[in-house]
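Down below is the structure, laid out as structure tokens.
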Amino acid sequence: MSFPLKRMRRLRKNKKIRDMVSETVLTVNDLIFPIFVKENIERPEPIQSMPGNYRLPIEHAVKEAIELTELGIPATILFGIPQEKDEIASQAYAKNGIIQQTVREIKRELGDRLVVITDICLCEYMSHGHCGIVEGGKILNDPTLKLLAKTAVSHAEAGADIAAPSDMMDGRVLAIRKELDKEGFEDVTIMSYAAKYASSFYGPFREAAGSAPSFGDRASYQMDPRNVEEALHEVELDIREGADIVMVKPALAYLDILYRIKTKFKVVTAAYNVSGEFAMIKAAAEKRWIDEKRVVMETLTSIKRAGADIILTYFAKDIAKRLK
């Protein structure tokens with residue numbers, strides 16, 4: 001059937017019709033909001049490169065969590081910033097570490113009303129800023145697995161619902177799954193950063209978390225931005241090792257990867273709308289070069305359209321308020 005019998009514009013002529021026939025619908029249940037919690041501070045610290053985001057003391061993180069439930073956002077992911085760092089990331093798995101304390105307080109206040117996800121990585125806790133144990137300038141994979149598993153168990157003991165390993169060490173999902181099961185945490189979900197690229201979009205996050213490496217970069221363990229098949233292989237390995245949810249990070253520059261993963265594996269798939277993506281939109285909006293509200297909605301819709309079931313985004317609260 002050709003023009004003029006078929007006129008595609010008939011289904012676009014007003015907003016009600018467009019909404020009725022829309023193929024992709026973004027809802028508040030798709031969203032996860034990241035929270036940065038910093039040890040031994042009394043008041044929120046603004047993150048300069050991420051306007052509207054803060055490093056929070058524990059009591060303020062709890063208030064933020066309460067606000068999320070009021071907005072209908074189902075989950076948060078916590079990133080910890082300890083006062084002291086060392087070469088074995090001891091504060092990552094300390095019983096009274098910053099994340100462990102925060103999880104307990106949020107769960108005491110909210111129980112199951114908010115899903116609490118914890119980032120399982122060592123970079124924020126290492127004196128050198130890398131995601132694993134370092135020896136002779138080399139990041140060691142296998143010794144790091146024990147620390148990652150130990151960290152996941154300590155978070156589960158505090159009450160975390162989902163462990164999210166973001167380190168990209170080989171075999172870490174299996175190591176974490178085995179240790180969680182061994183300690184009686186069979187029901188704790190693993191959301192793996194399965195296809196995490198060595199991206200230039202992480203700069204503002206590293207400022208926020210104080211996690212920039214003191215030497216070299218992370219290209220030896222995070223993925224090469226030029227590779228696609230490697231991402232598919234990484235995801236397949238993580239699924240085999242026990243990942244319940246797989247994640248693509250960053251989101252916008254890797255929508256093709258997200259689509260390929262969702263199409264091939266048909267598992268629950270997350271995408272992280274990362275700090276650099278957030279900061280670019282905020283900067284352009286401040287210059288009045290773009291309409292922030294429309295661009296944010298278009299951006300997150302594109303991530304959902306590409307295959308994401310879950311979107312981690314610093315825009316979550318803004319979007320939830322609009323949807324509400």
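By order of appearance in the structure tokens: chains A, B, ..., then residues from 1 within every chain, and ligands from 1 in the order shown.
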
Determine, using only C-alpha atoms, which residues of range 104-152 of chain A have any atom at most 9 Å from an atom of range 65-69 of chain A, and tabulate each with its shortest atom pair and distance in Å to one decimal place, rows ordered by chain and then rising number, as a tab-separated table.
residue	atom	partner	partner_atom	distance
A:Ile106	CA	A:Ala65	CA	7.0
A:Glu109	CA	A:Ile66	CA	8.2
A:Leu110	CA	A:Ile66	CA	7.3
A:Arg113	CA	A:Thr69	CA	6.8
A:Leu114	CA	A:Thr69	CA	6.4

Would you save the residues from that selection as a tab-separated table (two decimals), in the first residue's frame, using N, CA and C atoms?
chain	number	residue	atom	x	y	z
A	106	ILE	N	19.62	2.32	55.92
A	106	ILE	CA	18.53	2.41	54.94
A	106	ILE	C	17.54	1.28	55.15
A	109	GLU	N	15.35	1.80	58.12
A	109	GLU	CA	14.32	2.81	57.89
A	109	GLU	C	13.25	2.36	56.91
A	110	LEU	N	13.67	1.66	55.85
A	110	LEU	CA	12.76	1.40	54.74
A	110	LEU	C	12.44	-0.08	54.50
A	113	ARG	N	10.98	-1.61	51.10
A	113	ARG	CA	10.37	-0.56	50.28
A	113	ARG	C	11.33	-0.02	49.23
A	114	LEU	N	12.62	-0.23	49.43
A	114	LEU	CA	13.61	0.21	48.46
A	114	LEU	C	14.63	-0.91	48.25

For Val153 in chain A: contacts at 8 Å, only C-alpha atoms, fewer than 4 positions along chain excluded, given as a list in words: Ala149, Glu157, Ile176, Glu179, Leu180, Glu183 and Phe185 of chain A

Selection: 8 Å around Val235 in chain A, only C-alpha atoms, excl. self and same-chain fewer than 2 positions, as a ChimeraX atom specification: /A:194-195,231-233,237-239,246,261

Residue list (strand (DSSP E), DSSP) for range 6-106 of chain A, as an NGL selection string: :A and (31-38 or 45-46 or 54-56 or 75-81)

Residues near Arg206 in chain A, cut-off 10 Å, only C-alpha atoms, skip fewer than 4 positions along chain, as a list of chain:residue names: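 Listing them by chain and then by number gives A:Cys123, A:Glu124, A:Gly129, A:Phe201, A:Tyr202, A:Gly210, A:Ser211, A:Ala212, A:Pro213, A:Ser275.
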
Restricted to N, CA and C atoms, what would the selected residues look like written as a PDB file, in the first residue's frame?
ATOM      1  N   CYS A 123      38.192   0.124  43.693  1.00  0.00           N
ATOM      2  CA  CYS A 123      38.954   1.316  43.307  1.00  0.00           C
ATOM      3  C   CYS A 123      38.807   2.453  44.310  1.00  0.00           C
ATOM      4  N   GLU A 124      37.590   2.641  44.876  1.00  0.00           N
ATOM      5  CA  GLU A 124      37.399   3.727  45.836  1.00  0.00           C
ATOM      6  C   GLU A 124      38.157   3.483  47.138  1.00  0.00           C
ATOM      7  N   GLY A 129      43.972   3.535  43.528  1.00  0.00           N
ATOM      8  CA  GLY A 129      42.818   3.819  42.680  1.00  0.00           C
ATOM      9  C   GLY A 129      42.499   2.788  41.629  1.00  0.00           C
ATOM     10  N   PHE A 201      34.114   8.596  29.415  1.00  0.00           N
ATOM     11  CA  PHE A 201      32.917   9.230  29.952  1.00  0.00           C
ATOM     12  C   PHE A 201      32.807   9.125  31.471  1.00  0.00           C
ATOM     13  N   TYR A 202      33.822   8.590  32.143  1.00  0.00           N
ATOM     14  CA  TYR A 202      33.735   8.357  33.581  1.00  0.00           C
ATOM     15  C   TYR A 202      34.344   9.481  34.427  1.00  0.00           C
ATOM     16  N   GLY A 210      36.446   9.915  44.104  1.00  0.00           N
ATOM     17  CA  GLY A 210      37.875   9.957  44.397  1.00  0.00           C
ATOM     18  C   GLY A 210      38.567   8.678  44.001  1.00  0.00           C
ATOM     19  N   SER A 211      38.242   8.188  42.793  1.00  0.00           N
ATOM     20  CA  SER A 211      38.690   6.852  42.392  1.00  0.00           C
ATOM     21  C   SER A 211      39.568   6.832  41.144  1.00  0.00           C
ATOM     22  N   ALA A 212      40.111   7.985  40.754  1.00  0.00           N
ATOM     23  CA  ALA A 212      40.994   7.990  39.582  1.00  0.00           C
ATOM     24  C   ALA A 212      42.275   7.213  39.885  1.00  0.00           C
ATOM     25  N   PRO A 213      42.752   6.373  38.966  1.00  0.00           N
ATOM     26  CA  PRO A 213      43.987   5.625  39.220  1.00  0.00           C
ATOM     27  C   PRO A 213      45.193   6.560  39.317  1.00  0.00           C
ATOM     28  N   SER A 275      28.213   9.327  34.275  1.00  0.00           N
ATOM     29  CA  SER A 275      28.434  10.700  34.739  1.00  0.00           C
ATOM     30  C   SER A 275      28.797  11.657  33.619  1.00  0.00           C
TER      31      SER A 275
END

Proximity to Lys138 in chain A - best of A:Ala219, A:Leu323, A:Ala75, A:Ala285, only C-alpha atoms: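 Using only C-alpha atoms, Lys138 in chain A sits closest to A:Ala219.
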
Proximity to Tyr193 in chain A - best of A:Gly216, A:Pro143, A:Gly171, A:Pro165, only C-alpha atoms: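 Checking each of A:Gly216, A:Pro143, A:Gly171, A:Pro165 against Tyr193 in chain A, counting only C-alpha atoms, the winner is A:Pro165.
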
Atomic separation - CA of Ala283 in chain A relative to CA of Phe315 in chain A, Å: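 Taking CA of Phe315 in chain A as the start and CA of Ala283 in chain A as the end point, the length is 13.9 Å.
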
Selection near Ile88 in chain A, 12 Å with only C-alpha atoms, sequence-local residues under 3 positions removed, as number ranges by chain: A: 84-85, 91-94, 121-135, 140, 143-148, 150-151

Which residue of A:Met297, A:Met168, A:Val37, A:Ala198 approaches Asn227 in chain A most closely, using only C-alpha atoms: A:Ala198

Gap from CA of Lys264 in chain A to CA of Gly276 in chain A - Å, one decimal: 27.9 Å
